[in-house]
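Colleague: Just one file: protein-v3.cif, with mmCIF, C-alpha atoms.
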```cif
data_query
loop_
_atom_site.label_atom_id
_atom_site.label_comp_id
_atom_site.auth_asym_id
_atom_site.auth_seq_id
_atom_site.Cartn_x
_atom_site.Cartn_y
_atom_site.Cartn_z
CA MET A 1 8.30 -4.65 3.16
CA PRO A 2 5.66 -3.31 0.73
CA ARG A 3 2.76 -1.67 2.51
CA SER A 4 0.92 0.09 -0.29
CA GLY A 5 2.24 -1.61 -3.38
CA VAL A 6 4.96 -3.67 -4.94
CA GLY A 7 7.43 -1.66 -6.92
CA ASN A 8 6.15 0.03 -10.07
CA ARG A 9 3.26 -2.20 -10.96
CA LEU A 10 2.74 -0.21 -14.16
CA THR A 11 0.64 -2.82 -15.88
CA ARG A 12 -0.56 -0.84 -18.91
CA ARG A 13 -2.94 1.79 -17.51
CA ARG A 14 -2.69 0.86 -13.83
CA LEU A 15 -3.33 3.83 -11.55
CA LEU A 16 -3.30 6.26 -14.47
CA GLY A 17 -6.67 7.49 -13.38
CA LEU A 18 -4.88 8.96 -10.37
CA ALA A 19 -2.21 10.63 -12.46
CA ALA A 20 -3.94 13.95 -12.94
CA ALA A 21 -4.60 14.35 -9.22
CA SER A 22 -1.07 13.26 -8.47
CA ALA A 23 0.33 15.80 -10.91
CA GLY A 24 -1.38 18.63 -9.09
CA ALA A 25 -0.51 17.39 -5.61
CA ALA A 26 3.14 16.64 -6.13
CA PHE A 27 4.07 20.11 -7.39
CA SER A 28 2.77 22.88 -5.20
CA GLY A 29 5.41 25.32 -6.43
CA PRO A 30 6.81 26.30 -9.82
CA VAL A 31 8.76 23.82 -11.86
CA LEU A 32 11.89 25.36 -13.33
CA THR A 33 13.21 24.12 -16.63
CA GLY A 34 16.87 25.00 -16.41
CA CYS A 35 19.67 22.46 -16.54
CA GLY A 36 20.31 20.49 -13.39
CA LYS A 37 23.12 22.04 -11.36
CA ASP A 38 24.17 18.67 -10.02
CA SER A 39 25.47 17.65 -13.42
CA ALA A 40 28.98 19.02 -13.77
CA LYS A 41 32.58 18.26 -14.54
CA GLY A 42 34.55 16.61 -11.80
CA GLY A 43 38.09 17.44 -10.81
CA GLY A 44 40.61 17.31 -13.60
CA GLY A 45 37.90 17.71 -16.24
CA SER A 46 36.50 14.19 -15.89
CA THR A 47 32.77 13.67 -16.35
CA ALA A 48 30.74 13.64 -13.12
CA LEU A 49 27.17 12.40 -12.69
CA THR A 50 24.77 12.42 -9.74
CA PHE A 51 22.31 9.63 -8.97
CA MET A 52 19.65 10.17 -6.30
CA ASN A 53 18.79 6.69 -5.03
CA GLN A 54 15.60 5.80 -3.18
CA SER A 55 16.55 2.26 -2.15
CA ARG A 56 18.34 1.72 1.13
CA GLY A 57 18.69 -2.00 0.40
CA GLN A 58 20.52 -1.41 -2.89
CA ALA A 59 22.78 1.42 -1.73
CA LYS A 60 25.82 -0.80 -1.09
CA ALA A 61 25.49 -2.50 -4.46
CA LEU A 62 25.30 0.88 -6.19
CA ASP A 63 28.36 2.11 -4.29
CA LYS A 64 30.29 -0.90 -5.51
CA LEU A 65 29.08 -0.53 -9.09
CA VAL A 66 29.92 3.17 -9.41
CA GLU A 67 33.41 2.45 -8.12
CA THR A 68 33.81 -0.17 -10.85
CA TYR A 69 32.36 2.18 -13.46
CA GLN A 70 34.81 4.95 -12.60
CA LYS A 71 37.72 2.55 -12.93
CA GLN A 72 36.46 1.38 -16.31
CA THR A 73 35.45 4.72 -17.83
CA GLY A 74 36.81 7.56 -15.71
CA VAL A 75 33.24 8.80 -15.14
CA ARG A 76 32.57 9.61 -11.50
CA VAL A 77 29.02 8.92 -10.29
CA THR A 78 28.02 10.32 -6.90
CA ILE A 79 25.23 8.37 -5.18
CA ASP A 80 22.88 10.35 -2.93
CA SER A 81 20.71 8.01 -0.84
CA PRO A 82 18.36 10.08 1.36
CA GLY A 83 16.37 6.97 2.27
CA PRO A 84 12.92 5.86 1.10
CA THR A 85 11.04 8.13 3.52
CA ASN A 86 12.85 11.34 2.59
CA PHE A 87 13.34 10.61 -1.11
CA PRO A 88 9.95 11.86 -2.47
CA ALA A 89 10.16 15.23 -0.70
CA LYS A 90 13.78 15.76 -1.72
CA LEU A 91 13.05 14.90 -5.35
CA GLN A 92 10.12 17.32 -5.40
CA SER A 93 12.28 20.05 -3.87
CA LYS A 94 14.97 19.56 -6.50
CA SER A 95 12.42 19.69 -9.32
CA GLN A 96 11.03 22.96 -8.01
CA SER A 97 14.48 24.53 -7.76
CA GLY A 98 15.62 23.20 -11.13
CA ASP A 99 18.47 21.40 -9.39
CA MET A 100 17.56 17.90 -10.52
CA PRO A 101 20.15 15.09 -10.47
CA ASP A 102 21.29 13.50 -13.71
CA ILE A 103 19.73 10.18 -12.71
CA TYR A 104 17.15 9.36 -10.06
CA SER A 105 15.14 6.38 -8.83
CA THR A 106 11.66 5.92 -10.22
CA LEU A 107 8.65 5.43 -7.95
CA THR A 108 5.07 4.37 -8.80
CA LEU A 109 3.59 5.78 -11.98
CA PRO A 110 1.18 8.24 -10.31
CA GLU A 111 4.10 9.64 -8.31
CA MET A 112 6.25 9.97 -11.45
CA ILE A 113 3.70 11.43 -13.87
CA PRO A 114 4.34 15.03 -12.72
CA TYR A 115 8.07 14.64 -13.38
CA TYR A 116 7.43 13.01 -16.74
CA LYS A 117 5.03 15.76 -17.81
CA ALA A 118 7.43 18.45 -16.61
CA GLY A 119 10.11 17.02 -18.86
CA TRP A 120 12.38 15.67 -16.12
CA ALA A 121 12.49 12.12 -17.51
CA MET A 122 13.82 11.13 -20.91
CA ASN A 123 11.61 8.97 -23.10
CA LEU A 124 13.95 6.02 -23.49
CA GLU A 125 11.86 4.06 -25.97
CA PRO A 126 13.74 5.33 -29.06
CA LYS A 127 17.01 4.26 -27.43
CA LEU A 128 15.80 0.85 -26.30
CA THR A 129 16.94 -0.96 -29.40
CA GLY A 130 19.49 -3.62 -30.14
CA GLU A 131 21.58 -4.84 -27.25
CA TRP A 132 20.02 -2.47 -24.73
CA LYS A 133 16.52 -3.75 -25.46
CA GLY A 134 17.88 -7.25 -24.99
CA ASN A 135 18.73 -6.36 -21.38
CA PHE A 136 15.04 -6.42 -20.47
CA SER A 137 12.59 -9.31 -20.45
CA PRO A 138 9.37 -8.72 -22.44
CA ILE A 139 7.35 -8.45 -19.21
CA ALA A 140 9.72 -5.78 -17.86
CA LEU A 141 9.19 -3.66 -20.96
CA ASP A 142 5.45 -4.26 -20.92
CA LEU A 143 5.20 -3.19 -17.30
CA THR A 144 7.04 0.09 -17.93
CA THR A 145 5.44 1.17 -21.20
CA VAL A 146 3.04 4.11 -21.07
CA ARG A 147 0.48 3.56 -23.84
CA ALA A 148 -0.71 6.30 -26.18
CA GLY A 149 -3.64 8.29 -24.83
CA THR A 150 -3.46 6.90 -21.32
CA VAL A 151 -1.97 10.03 -19.73
CA SER A 152 -3.19 13.38 -20.96
CA GLY A 153 -0.29 15.56 -22.03
CA LEU A 154 2.27 12.76 -22.04
CA ASP A 155 3.59 11.00 -25.12
CA ALA A 156 3.60 7.23 -25.23
CA GLY A 157 6.92 5.74 -24.27
CA ILE A 158 9.18 4.22 -21.66
CA TYR A 159 10.42 6.75 -19.11
CA SER A 160 12.43 4.52 -16.81
CA ALA A 161 14.89 1.63 -17.09
CA HIS A 162 14.58 -1.16 -14.51
CA TRP A 163 17.04 -3.80 -13.39
CA GLU A 164 14.57 -5.51 -11.02
CA ILE A 165 11.27 -7.40 -11.19
CA GLN A 166 9.23 -8.14 -8.08
CA THR A 167 6.83 -10.99 -7.38
CA MET A 168 4.94 -12.19 -4.31
CA GLY A 169 4.77 -15.66 -2.82
CA ILE A 170 5.85 -17.78 0.12
CA LEU A 171 9.14 -17.79 2.04
CA LEU A 172 9.98 -21.03 3.89
CA ASN A 173 12.47 -21.73 6.66
CA THR A 174 14.22 -24.83 5.30
CA LYS A 175 15.25 -26.19 8.70
CA ALA A 176 11.71 -25.96 10.06
CA PHE A 177 10.34 -27.94 7.13
CA GLU A 178 13.16 -30.47 7.08
CA SER A 179 12.63 -31.16 10.79
CA ALA A 180 9.07 -32.17 9.92
CA GLY A 181 10.31 -34.56 7.24
CA ILE A 182 9.47 -32.22 4.33
CA ASP A 183 11.78 -31.26 1.49
CA PRO A 184 11.24 -27.48 1.15
CA LYS A 185 12.89 -27.48 -2.26
CA VAL A 186 10.00 -29.49 -3.71
CA PRO A 187 6.89 -27.26 -3.85
CA PRO A 188 3.59 -28.95 -2.95
CA ALA A 189 1.39 -29.68 -5.95
CA THR A 190 -1.78 -28.06 -4.56
CA THR A 191 -2.97 -25.88 -1.69
CA ASP A 192 -4.36 -29.00 0.00
CA ALA A 193 -0.91 -30.59 -0.03
CA TRP A 194 0.58 -27.31 1.23
CA ILE A 195 -1.82 -27.19 4.17
CA ASP A 196 -0.91 -30.79 5.03
CA GLN A 197 2.75 -29.75 5.11
CA LEU A 198 1.98 -26.76 7.32
CA LYS A 199 0.11 -29.06 9.71
CA LYS A 200 3.21 -31.23 10.08
CA VAL A 201 5.41 -28.21 10.73
CA SER A 202 2.84 -26.82 13.18
CA GLY A 203 3.05 -30.10 15.08
CA LYS A 204 6.72 -29.35 15.65
CA THR A 205 6.32 -25.68 16.59
CA GLY A 206 3.13 -26.04 18.62
CA ASN A 207 2.11 -22.54 17.53
CA GLY A 208 1.31 -22.66 13.83
CA ALA A 209 3.57 -22.47 10.80
CA PHE A 210 2.26 -19.70 8.51
CA LEU A 211 1.81 -15.96 8.88
CA MET A 212 0.86 -13.01 6.70
CA ALA A 213 0.53 -9.30 7.42
CA ALA A 214 -3.08 -8.20 7.10
CA SER A 215 -1.92 -5.32 4.87
CA LEU A 216 -0.89 -7.84 2.21
CA ALA A 217 -4.34 -9.43 2.02
CA ASP A 218 -5.11 -7.80 -1.32
CA ARG A 219 -1.97 -9.27 -2.91
CA PHE A 220 -2.75 -12.69 -1.41
CA LEU A 221 -6.32 -12.57 -2.69
CA LEU A 222 -5.38 -11.29 -6.15
CA SER A 223 -2.83 -14.07 -6.51
CA HIS A 224 -4.94 -17.00 -5.31
CA ALA A 225 -8.21 -15.90 -6.95
CA SER A 226 -6.40 -16.05 -10.31
CA ASN A 227 -6.94 -19.83 -10.16
CA TRP A 228 -10.53 -19.10 -11.22
CA LEU A 229 -10.50 -15.57 -12.67
CA THR A 230 -8.88 -14.19 -15.81
CA ASP A 231 -6.97 -10.90 -15.73
CA ALA A 232 -9.93 -9.27 -17.52
CA GLU A 233 -12.36 -10.57 -14.89
CA ILE A 234 -10.10 -9.38 -12.07
CA ASP A 235 -9.84 -5.96 -13.69
CA ALA A 236 -13.60 -5.73 -14.11
CA THR A 237 -14.10 -6.22 -10.38
CA LEU A 238 -11.36 -3.76 -9.44
CA ALA A 239 -12.97 -1.22 -11.77
CA GLY A 240 -16.35 -1.71 -10.06
CA LYS A 241 -17.99 -3.30 -13.10
CA THR A 242 -18.57 -6.75 -11.58
CA SER A 243 -19.21 -8.04 -8.08
CA TRP A 244 -16.75 -9.13 -5.43
CA LYS A 245 -19.27 -11.81 -4.53
CA SER A 246 -18.44 -14.13 -7.41
CA ASP A 247 -17.25 -17.72 -6.92
CA GLY A 248 -13.71 -16.85 -7.96
CA TRP A 249 -13.25 -14.25 -5.21
CA ARG A 250 -15.05 -16.47 -2.71
CA LYS A 251 -12.74 -19.40 -3.44
CA GLY A 252 -9.74 -17.10 -3.40
CA LEU A 253 -10.53 -15.82 0.08
CA GLN A 254 -11.61 -19.25 1.32
CA LEU A 255 -7.95 -20.32 1.46
CA LEU A 256 -7.41 -18.14 4.52
CA ALA A 257 -10.38 -19.78 6.21
CA GLU A 258 -8.91 -23.19 5.39
CA LEU A 259 -5.55 -22.19 6.85
CA ARG A 260 -7.38 -20.98 9.95
CA ASP A 261 -9.40 -24.18 10.32
CA ALA A 262 -6.24 -26.26 9.87
CA GLY A 263 -4.72 -24.47 12.87
CA VAL A 264 -1.59 -23.45 10.98
CA ILE A 265 -1.72 -19.65 11.37
CA VAL A 266 0.85 -18.48 13.93
CA ASN A 267 -0.87 -17.24 17.12
CA LYS A 268 -4.20 -17.77 15.30
CA THR A 269 -4.26 -14.14 14.15
CA LEU A 270 -2.98 -11.86 11.39
CA PRO A 271 -0.89 -8.85 12.50
CA GLY A 272 -2.28 -5.43 11.55
CA GLY A 273 -1.23 -1.80 11.75
CA ASN A 274 1.49 0.24 10.07
CA ASP A 275 4.30 -2.14 11.04
CA ASP A 276 2.49 -5.42 10.43
CA ASN A 277 4.74 -6.67 7.65
CA PRO A 278 8.03 -5.65 9.34
CA THR A 279 6.73 -7.57 12.37
CA VAL A 280 6.10 -10.66 10.24
CA GLU A 281 9.50 -10.35 8.59
CA LYS A 282 11.22 -10.02 11.96
CA GLY A 283 9.63 -13.26 13.09
CA PHE A 284 10.85 -15.02 9.97
CA PHE A 285 14.32 -13.52 9.39
CA ASN A 286 15.51 -12.36 12.81
CA VAL A 287 13.74 -14.37 15.52
CA GLN A 288 13.21 -17.32 13.15
CA ASP A 289 10.16 -18.62 14.99
CA THR A 290 7.83 -18.34 11.98
CA PRO A 291 8.38 -21.19 9.49
CA ALA A 292 6.55 -19.68 6.48
CA ILE A 293 5.30 -16.23 5.49
CA PHE A 294 3.61 -14.55 2.53
CA ASP A 295 5.79 -11.70 1.29
CA ALA A 296 7.43 -10.03 -1.70
CA SER A 297 10.73 -10.87 -3.32
CA VAL A 298 12.10 -7.55 -2.04
CA ALA A 299 12.00 -9.05 1.45
CA ILE A 300 15.20 -10.88 0.59
CA GLY A 301 16.95 -7.53 0.49
CA VAL A 302 15.60 -6.87 3.98
CA ALA A 303 17.08 -10.15 5.13
CA ARG A 304 20.45 -9.32 3.61
CA ALA A 305 20.46 -6.03 5.53
CA THR A 306 19.00 -7.10 8.88
CA ALA A 307 19.86 -10.80 9.22
CA PRO A 308 22.83 -11.41 6.91
CA ASP A 309 23.81 -14.67 8.62
CA PHE A 310 20.40 -16.26 8.04
CA THR A 311 20.39 -17.97 4.64
CA GLU A 312 18.50 -21.19 5.29
CA TYR A 313 15.27 -20.28 3.54
CA THR A 314 13.74 -20.60 0.10
CA SER A 315 10.78 -19.21 -1.85
CA MET A 316 7.86 -20.41 -3.95
CA GLY A 317 4.50 -19.25 -5.25
CA ILE A 318 1.22 -19.97 -3.51
CA PRO A 319 0.47 -23.55 -4.63
CA LYS A 320 -2.28 -23.86 -7.22
CA ALA A 321 -5.83 -24.84 -6.33
CA ALA A 322 -6.79 -28.40 -7.23
CA ASP A 323 -10.07 -27.22 -8.77
CA GLY A 324 -8.72 -24.13 -10.50
CA THR A 325 -9.94 -23.33 -14.00
CA GLN A 326 -7.16 -20.87 -14.91
CA LYS A 327 -3.39 -20.95 -14.83
CA PRO A 328 -2.58 -19.15 -11.55
CA ARG A 329 -0.73 -15.84 -11.70
CA VAL A 330 0.87 -13.60 -9.10
CA TYR A 331 0.78 -10.00 -7.97
CA GLY A 332 3.99 -8.28 -9.02
CA GLY A 333 5.65 -5.66 -11.16
CA VAL A 334 8.91 -3.96 -11.97
CA GLY A 335 11.12 -3.04 -9.03
CA LYS A 336 13.99 -0.63 -8.76
CA GLY A 337 15.05 1.39 -11.77
CA ALA A 338 16.09 4.87 -12.86
CA CYS A 339 14.96 7.92 -14.81
CA ILE A 340 17.38 10.12 -16.78
CA ASN A 341 17.14 13.90 -16.59
CA PRO A 342 17.18 15.12 -20.23
CA LYS A 343 18.00 18.68 -19.08
CA GLY A 344 21.26 17.74 -17.43
CA LYS A 345 24.69 18.74 -18.75
CA ASN A 346 25.89 15.19 -19.35
CA VAL A 347 22.83 13.46 -20.73
CA ASP A 348 24.70 11.10 -23.04
CA ALA A 349 26.96 10.03 -20.18
CA ALA A 350 23.90 9.43 -17.99
CA VAL A 351 22.32 7.23 -20.66
CA LYS A 352 25.50 5.22 -21.03
CA PHE A 353 25.74 4.68 -17.27
CA VAL A 354 22.13 3.54 -16.89
CA GLN A 355 22.55 1.23 -19.87
CA TRP A 356 25.67 -0.17 -18.22
CA LEU A 357 23.72 -0.77 -14.99
CA THR A 358 21.27 -3.01 -16.87
CA GLU A 359 23.90 -5.18 -18.55
CA PRO A 360 24.28 -8.82 -17.43
CA GLU A 361 27.49 -8.30 -15.43
CA GLN A 362 25.95 -5.53 -13.33
CA ALA A 363 22.64 -7.35 -13.05
CA LYS A 364 24.59 -10.23 -11.53
CA VAL A 365 26.10 -7.87 -8.91
CA PHE A 366 22.59 -6.77 -7.91
CA VAL A 367 21.53 -10.42 -7.73
CA ASP A 368 24.51 -11.42 -5.61
CA MET A 369 24.44 -8.47 -3.21
CA VAL A 370 20.71 -7.72 -2.96
CA GLY A 371 19.10 -11.04 -3.85
CA LEU A 372 16.68 -9.46 -6.32
CA ILE A 373 14.99 -10.84 -9.44
CA PRO A 374 16.84 -9.40 -12.45
CA ALA A 375 14.93 -7.79 -15.31
CA ASN A 376 17.74 -8.91 -17.60
CA PRO A 377 16.81 -12.30 -19.11
CA LYS A 378 20.49 -13.06 -19.76
CA VAL A 379 20.97 -13.69 -16.05
CA THR A 380 19.86 -17.31 -15.87
CA ALA A 381 18.31 -19.32 -13.07
CA SER A 382 21.70 -20.89 -12.33
CA ASP A 383 23.02 -17.40 -11.53
CA LEU A 384 20.40 -16.76 -8.86
CA PRO A 385 20.84 -17.43 -5.15
CA PRO A 386 18.59 -20.27 -3.97
CA GLN A 387 16.54 -17.92 -1.79
CA VAL A 388 15.23 -15.92 -4.77
CA ALA A 389 14.90 -18.73 -7.31
CA GLY A 390 11.29 -19.56 -6.41
CA PHE A 391 10.21 -15.93 -6.63
CA ALA A 392 12.07 -15.58 -9.93
CA SER A 393 10.21 -18.54 -11.42
CA LEU A 394 7.01 -16.46 -11.10
CA ALA A 395 8.27 -13.48 -13.12
CA ASN A 396 6.48 -14.56 -16.29
CA ALA A 397 3.22 -15.14 -14.45
CA ILE A 398 2.58 -11.59 -13.25
CA GLU A 399 -1.03 -10.44 -13.60
CA VAL A 400 -1.58 -7.69 -16.16
CA VAL A 401 -4.42 -5.73 -14.57
CA PRO A 402 -4.99 -2.07 -15.49
CA SER A 403 -7.27 -0.99 -12.62
CA PRO A 404 -6.06 -0.35 -9.08
CA PHE A 405 -7.56 -1.96 -6.00
CA SER A 406 -10.16 0.40 -4.55
CA PRO A 407 -8.71 1.92 -1.35
CA ASP A 408 -12.07 1.47 0.39
CA ALA A 409 -12.43 -2.14 -0.69
CA ARG A 410 -8.84 -2.79 0.37
CA THR A 411 -9.44 -1.28 3.80
CA ALA A 412 -12.52 -3.48 4.20
CA LEU A 413 -10.50 -6.54 3.13
CA ILE A 414 -7.64 -5.85 5.55
CA SER A 415 -10.05 -5.51 8.45
CA GLY A 416 -12.12 -8.41 7.17
CA VAL A 417 -9.34 -10.98 6.96
CA GLN A 418 -8.40 -10.29 10.56
CA SER A 419 -12.01 -10.91 11.58
CA LEU A 420 -12.14 -13.97 9.32
CA VAL A 421 -9.14 -15.58 11.01
CA LEU A 422 -10.65 -14.82 14.42
CA LYS A 423 -13.93 -16.46 13.25
CA GLU A 424 -15.79 -13.20 13.76
CA LYS A 425 -16.84 -13.01 10.10
CA THR A 426 -17.43 -15.45 7.25
CA VAL A 427 -15.90 -15.23 3.78
CA ASP A 428 -19.23 -14.02 2.39
CA GLN A 429 -19.49 -11.30 5.02
CA VAL A 430 -16.00 -10.01 4.19
CA LEU A 431 -16.87 -9.91 0.49
CA ASP A 432 -20.16 -8.14 1.30
CA ASP A 433 -18.20 -5.50 3.22
CA MET A 434 -15.82 -5.05 0.29
CA GLU A 435 -18.71 -4.68 -2.14
CA THR A 436 -20.43 -2.11 0.05
CA ALA A 437 -17.21 -0.14 0.59
CA GLN A 438 -16.40 0.00 -3.10
CA LYS A 439 -19.91 1.14 -4.05
CA ARG A 440 -19.95 3.74 -1.31
CA ALA A 441 -16.74 5.27 -2.62
CA LYS A 442 -18.16 5.92 -6.10
#
```
Kindly return the structure encoded in the file as structure tokens.

Modeller:
Amino acid sequence: MPRSGVGNRLTRRRLLGLAAASAGAAFSGPVLTGCGKDSAKGGGGSTALTFMNQSRGQAKALDKLVETYQKQTGVRVTIDSPGPTNFPAKLQSKSQSGDMPDIYSTLTLPEMIPYYKAGWAMNLEPKLTGEWKGNFSPIALDLTTVRAGTVSGLDAGIYSAHWEIQTMGILLNTKAFESAGIDPKVPPATTDAWIDQLKKVSGKTGNGAFLMAASLADRFLLSHASNWLTDAEIDATLAGKTSWKSDGWRKGLQLLAELRDAGVIVNKTLPGGNDDNPTVEKGFFNVQDTPAIFDASVAIGVARATAPDFTEYTSMGIPKAADGTQKPRVYGGVGKGACINPKGKNVDAAVKFVQWLTEPEQAKVFVDMVGLIPANPKVTASDLPPQVAGFASLANAIEVVPSPFSPDARTALISGVQSLVLKEKTVDQVLDDMETAQKRAK
């Protein structure tokens, strides 16, 4: 699943330093300010709305929901799902022609800043009161709020409404663990206990029990290093103010070396390349020869789409370190959501529809069909499928870190963890490479 990020990890000022560059890059042509042509009256005078959807995994759920909405209200909503690859270019094209949809999926903040500054997204903060505000957990609102002064030329506010939260952790094949005499529904107390479990499962498979795509190494490290580092300390390193060679980062990365030395990594290597995570997911969901993987909660949607008959798995966070000094947190953020075009012809109808999408009944449809973590706190743990429950339990432990991971340091880490698992480099050497790469990029 995620290759460059997890949903809209809009933790306060995250990636806002890139916003200005993004604003210039995303709009090479003029931005027209006329009303969106897609917003019109349907046949017989009924209200019609258009929703351009980025998510392939949620398309079926949206189709079902708009059908229900039309029956309830008479408002017809047309879903346009060009697919995640084509969505950014199509959205940019529509903005340049002034033919924007009434509603459209939101991407990462740097990608959305040009649309926000061009006036294509309504500031929803004044409307997020009363019952509608109650449809979002505090962390969901925190993750989507643009603070005053953080983006030049953009007012503070909330420019998108989200029905999903994403977290990262471990997926476990329940049968594989049960065959080794382990109850997968009872998370191990520490990483040491987890490694002992993986050893038992590896004894059954003969080829290891855990796998992670190399491209997710930054999320793995950020999550596990939080056992020793505060959010402020993590941010200071990401911002280049403190060193990667501190004990917290060293201990965080050491877990991969311990997994390697325990002989529990499948094929004794971490897959790399553009398709590394899809490869890992295929081994877990489709082939089912990988007992445990590190992945995001959105992977459950992948499973629903590609291996719908496979349901015998569960999720949990990376177990805490026995010697940790901090309460461990996880890498995560808000997931799928929508922006409302304030220049459309049926703005009020668009607001009402998006509000309806975030209500508990509709949130439950997303949970049931997609297997996502709902942003609506009124959907309780008992409403969640067992596969997502472990991921959902991490939603209130998401790191709040303003600074992005340096691309150069991340590249060094991805290459470094592959060498670490192959015993070609030590933990300290990988951290040295990250430090050098980040300094060189300044």

Colleague: Can you write out as CSV which residues of region 131-173 of chain A fall within 10 Å of region 101-117 of chain A, alongside each residue's closest atom pair and its distance in Å to one decimal, counting all atoms listed in the file and ordering rows by chain and ascending residue number?

Modeller:
```
residue,atom,partner,partner_atom,distance
A:Thr144,CA,A:Leu109,CA,8.9
A:Val146,CA,A:Leu109,CA,9.3
A:Val151,CA,A:Ile113,CA,8.3
A:Ser152,CA,A:Lys117,CA,9.1
A:Gly153,CA,A:Lys117,CA,6.8
A:Leu154,CA,A:Lys117,CA,5.9
A:Asp155,CA,A:Lys117,CA,8.8
A:Tyr159,CA,A:Tyr116,CA,7.3
A:Ser160,CA,A:Thr106,CA,6.8
A:Ala161,CA,A:Thr106,CA,8.7
A:His162,CA,A:Thr106,CA,8.8
```

Colleague: Any idea what's packed within 6 Å of region 323-334 of chain A, counting all atoms listed in the file, ignoring anything in its chain fewer than 3 positions away? Could you give it as a VMD selection string?

Modeller: chain A and resid 7 to 9 164 to 168 219 223 226 to 228 397 to 399

Colleague: Would you write out, as a ChimeraX atom specification, every residue that the PyMOL selection byres ((chain A and resi 434) around 8) captures in this file?

Modeller: /A:244,408-410,412-413,430-433,435-438

Colleague: Quick one: apply the PyMOL selection byres ((chain A and resi 366-381) around 7) to the file and drop the selected residues here as a ChimeraX atom specification.

Modeller: /A:57-58,61,135-137,140,162-166,297-298,300-301,304,358,360,362-365,382-385,388-389,392

Colleague: With only C-alpha atoms as the basis for distance, which of A:Ala148, A:Val280, A:Val186, A:Leu62 is at the shortest distance from Val302 (chain A)?

Modeller: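 Closest to Val302 (chain A), using only C-alpha atoms: A:Val280.
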
Colleague: Excluding Ala303 (chain A) and residues on its chain fewer than 5 positions from it, collect all residues at most 12 Å away from it, counting all atoms listed in the file, and give them as a ChimeraX atom specification.

Modeller: /A:1,57,171,278,281-288,296-298,308-313,369-372,387-388

Colleague: Nearest to Pro84 (chain A): which of A:Leu270, A:Ala209, A:Ala307, A:Ala59 is it, counting all atoms listed in the file?

Modeller: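 Once distances to Pro84 (chain A) are computed over all atoms listed in the file, the minimum belongs to A:Ala59.
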
Colleague: One number please: CA of Asp218 (chain A) to CA of Ala89 (chain A), in Å, one decimal.

Modeller: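 Taking CA of Asp218 (chain A) as the start and CA of Ala89 (chain A) as the end point, the length is 27.6 Å.
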
Colleague: Determine the nearest neighbour of Gly252 (chain A) from the options A:Asn267, A:Pro188, A:Ile340, A:Ile318, counting all atoms listed in the file.

Modeller: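 Closest residue, counting all atoms listed in the file: A:Ile318.
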
Colleague: Between CA of Ala213 (chain A) and CA of Asp261 (chain A), measure the distance and give it in Å to one decimal.

Modeller: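 If I compute the distance from CA of Ala213 (chain A) to CA of Asp261 (chain A), I get 18.1 Å.
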
Colleague: Please measure the separation of CA of Thr426 (chain A) and CA of His224 (chain A), giving the value in Å to one decimal.

Modeller: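 Between CA of Thr426 (chain A) and CA of His224 (chain A) the gap is 17.8 Å.
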
Colleague: Between A:Gln96, A:Asn346, A:Asn86, A:Thr68, which residue has the minimum interatomic distance to Arg56 (chain A), considering only C-alpha atoms?

Modeller: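 Using only C-alpha atoms, the shortest distance to Arg56 (chain A) belongs to A:Asn86.
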
Colleague: For a quick check of understanding, using all atoms listed in the file, which of A:Ala189, A:Leu394, A:Leu253, A:Ile170 has the smallest distance to Ile414 (chain A)?

Modeller: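 Counting all atoms listed in the file, the residue closest to Ile414 (chain A) is A:Leu253.
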
Colleague: When you count all atoms listed in the file, which of these residues is closest to Lys94 (chain A): A:Thr230, A:Asn341, A:Ser415, A:Thr306?

Modeller: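 Among A:Thr230, A:Asn341, A:Ser415, A:Thr306, it is A:Asn341 that comes nearest to Lys94 (chain A).
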
Colleague: Taking the file above as input, evaluate the PyMOL selection byres ((chain A and resi 294) around 6) and report the hits as a list in words.

Modeller: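 When the PyMOL selection byres ((chain A and resi 294) around 6) is applied, the selected residues are Gly169, Ile170, Met212, Ile293 and Asp295 of chain A.
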